[in-house]
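In what follows, a structure is listed as C-alpha cells, so that the remarks can point back to it.
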Amino acid sequence: MDFKKTKGLTDAPLHYCPGCTHGIIHRLVAESLEELGVLDRTVGVASVGCSVFTYNYFNCDMVQAAHGRAPAVATGIKRARPDDIVFTYQGDGDLAAIGTAETVHSAARNENITIIFVNNAIYGMTGGQMAPTTLPNQITQTSPYGRDVTVVGYPVKVCEMLSQVDGASYVERVAVNNVKNIMKAKKAIKKAFQNQIEGKGFSLIEVLSTCPTNWGKSPADAIKWLDDNMATYYPLGVYKDKEATKND
Amino acid sequence: MAKVTFNEDRCKGCGLCVTACPKKLVQLSNRMNSKGYHPAEITNQEACIGCASCAIMCPDTVITVQMK
Ligand SMILES: Cc1ncc(C[n+]2csc(CCOP(=O)(O)OP(=O)(O)O)c2C)c(N)n1
Ligand code: SF4
Ligand SMILES: [Mg+2]
C-alpha cells in the first residue's frame, strides 16, 4: 500500500521522546480530519501535558486550554461556532485528575465534541508521577514501591465510568501497540469525528499509549508492558454506542 | 514492487519500525543522523512486500511507502 504523511500534520518535528506513541495518535487524528475533508473548519483544543504543543503539529486552528479545562473550552467554541469541528487532545493526568468534572459534565450534556484521551498511566510531562490511571503496584516517581491501593485508591476507568453517563453518545477504548490495533484505533477516531459531523453528540476515544521515558523502558519493552499490563486492566472495546443500541 | 524511503533526519532511532516489519527488513544503521540518533534503514528493498507496517508504527512519520 501507498503511505505518505498526511496534510493534517504540519512539518514541525514532534518533540516527543523516541518511541513515544503520542506521535502515532497525532497522525491518526490528522489523517481522519484530512480524509473527512474538515481540516479547514476544525478547531483543536490542546491540554496540559506532553501534548501541550499539539497546536504546533495539527494543520488546523488550535487553542490552548488550562489544565483539565479542554472540554469546557471546546464546549464554548462548539456552541458559538456549531459548524466547526471541535476536538480536545488530553492526557490521563489532564482528563482523569484535574479535569474529571469537565469530562463527566460535557458527557452528561452530550456536547457535540470529540475527545481524544491519551492514557499512558502516568504524568509524563512533569517527570513521571502517579496518575489516577496508574495501575495497582505500578512504580512511579511518587509510588516508588508500587501503587498501594489501600493508601491511594484504585485507578479510574474512564470508559467504564462514562458508559454509565446517559448523555454520552460514543465511548471506545483502543490501543496503538501494534499495526492491527493502530488500524482499529484509526477507525474509532474517524468515527468519533464522523459522529460530530452528523450531530450525534459526545464521543470519547481512550487510546492506551506508552511513555517509555517515565516507565523506564525501551520503546519496544514499553509496547510489551502495555500489552501485558495496561490492556488487561483496561480492556479494549466499545463501551457505549447510542447509535448501535438504537438499531438493535 | 514497493519503495520505502526514510526522512532520515526526523528519525529518533526508537526501533518500533524494526519490530513492526513482518519480513525483518528494517534495522538501525551504524551512522548517526543530525539529531545524533542511529536512523532506521531498509536492508533489502527488493524483498519489501509494501505492507507499510513500518510506516504505520512510526511515531514520527519518517517513512514513506510507494507502490510501483
Ligand atoms: C493547574 C495546574 N496544575 C498542575 C500542573 C502541572 N502539570 C503539568 S502537566 C501535568 C500532568 C500531565 O500528565 P498527562 O495529562 O497524563 O499528560 P502526559 O504528559 O502523560 O501525556 C501536571 C500535573 C499544571 N501545569 N497546571
Ligand atoms: S515523557 Fe513520556 S509521554 Fe512525554 S513525550 Fe516522553 S515518552 Fe512521551
Ligand atoms: Mg499521561
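Ligands are numbered from 1 in the order shown, chains are lettered A, B, ... in the order of the C-alpha cells, and residues start at 1 in each chain.
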Test item: residues lying within 6 Å of ligand 3 with only C-alpha atoms and all ligand atoms, as number ranges by chain: A: 91-93, 119-124
Every residue of segment 8-179 of chain A that DSSP places in strand (DSSP E or B), as a PyMOL selection string: chain A and resi 9+42-46+58+61-64+85-91+114-119+123+129+140+143+170-175
Shell around Cys58 of chain B at 12 Å using only C-alpha atoms, local window under 2 positions removed, as a PyMOL selection string: (chain A and resi 3-5+14+18-28+176-179+182+219) or (chain B and resi 6-7+10-21+40+52-56+60-64)
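Counting only C-alpha atoms, the residue from A:Gly44, A:Pro155, A:Gly99, A:Gly201 that sits nearest to His67 of chain A is A:Gly99.
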DSSP alpha helix (DSSP H) residues within segment 157-225 of chain A, as a PyMOL selection string: chain A and resi 158-162+179-197+212-215+219-225
Contacts with ligand 1 at most 10 Å, only C-alpha atoms and all ligand atoms counted, listed as a ChimeraX atom specification: /A:16,20-22,47-52,66-69,89-99,117-134,209-211,214
Å distance separating atom CA of Tyr154 of chain A from atom CA of Ile189 of chain A, one decimal place: 27.6 Å
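Nearest residue to Gln194 of chain A among A:Ala175, A:Leu36, A:Ile113, A:Val86 is A:Leu36, counting only C-alpha atoms.
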A:Pro71, A:Gly199, A:Pro13, A:Gly216 ranked by distance to chain B, top pick (using only C-alpha atoms):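 Among A:Pro71, A:Gly199, A:Pro13, A:Gly216, it is A:Pro13 that comes nearest to chain B.
Nearest to chain B of all the residues A:Arg173, A:Arg147, A:Lys200, A:Lys224 is A:Lys224, counting only C-alpha atoms.
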Separation of atom CA of Lys157 of chain A from atom CA of Thr75 of chain A in Å: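 If I compute the distance from atom CA of Thr75 of chain A to atom CA of Lys157 of chain A, I get 23.0 Å.
Interatomic distance, atom CA of Met1 of chain A against atom CA of Thr54 of chain A: 28.1 Å.
Of the listed residues (A:Asn181, A:Gln138, A:Thr100, A:Ser203), A:Asn181 comes nearest to chain B; the distances count only C-alpha atoms.
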Nearest candidate to chain B (options A:Val207, A:Val238, A:Met183, A:Leu162; using only C-alpha atoms): A:Met183
Residue neighbourhood Val73 of chain A, 9 Å, only C-alpha atoms, exclusion window fewer than 6 positions, as a list in words: Val45, Val63, Gln64, Ala65, Ala66 and Thr88 of chain A
Mind dumping the selected residues with N, CA and C atoms as a PDB file, in the first residue's frame?
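Below is the file that was written, result29.pdb:
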ATOM      1  N   VAL A  45      -8.380  21.656  20.674  1.00  0.00           N
ATOM      2  CA  VAL A  45      -8.055  22.262  21.960  1.00  0.00           C
ATOM      3  C   VAL A  45      -6.944  21.433  22.605  1.00  0.00           C
ATOM      4  N   VAL A  63      -6.383  25.943  19.981  1.00  0.00           N
ATOM      5  CA  VAL A  63      -6.472  26.779  21.174  1.00  0.00           C
ATOM      6  C   VAL A  63      -5.776  26.009  22.281  1.00  0.00           C
ATOM      7  N   GLN A  64      -5.204  26.699  23.241  1.00  0.00           N
ATOM      8  CA  GLN A  64      -4.565  26.042  24.377  1.00  0.00           C
ATOM      9  C   GLN A  64      -5.405  26.276  25.619  1.00  0.00           C
ATOM     10  N   ALA A  65      -5.854  25.207  26.265  1.00  0.00           N
ATOM     11  CA  ALA A  65      -6.688  25.350  27.462  1.00  0.00           C
ATOM     12  C   ALA A  65      -5.862  25.168  28.724  1.00  0.00           C
ATOM     13  N   ALA A  66      -6.371  25.699  29.831  1.00  0.00           N
ATOM     14  CA  ALA A  66      -5.740  25.464  31.135  1.00  0.00           C
ATOM     15  C   ALA A  66      -5.898  23.982  31.492  1.00  0.00           C
ATOM     16  N   THR A  88     -10.767  17.846  21.541  1.00  0.00           N
ATOM     17  CA  THR A  88      -9.733  18.059  22.549  1.00  0.00           C
ATOM     18  C   THR A  88      -8.744  16.898  22.460  1.00  0.00           C
TER      19      THR A  88
END
Long-range neighbours of Val43 of chain A as a VMD selection string, 12 Å cut-off, only C-alpha atoms, 2 positions minimum in chain: chain A and resid 33 38 to 41 45 to 46 54 to 55 58 to 64 70 73 to 78 81 to 89 113 to 114
Long-range neighbours of Asp9 of chain B as a list in words, 9 Å cut-off, only C-alpha atoms, 4 positions minimum in chain: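 Once the adjacent positions are removed, what remains is Asn33, Ser34, Lys35, Tyr37, Pro39 and Val62 of chain B.
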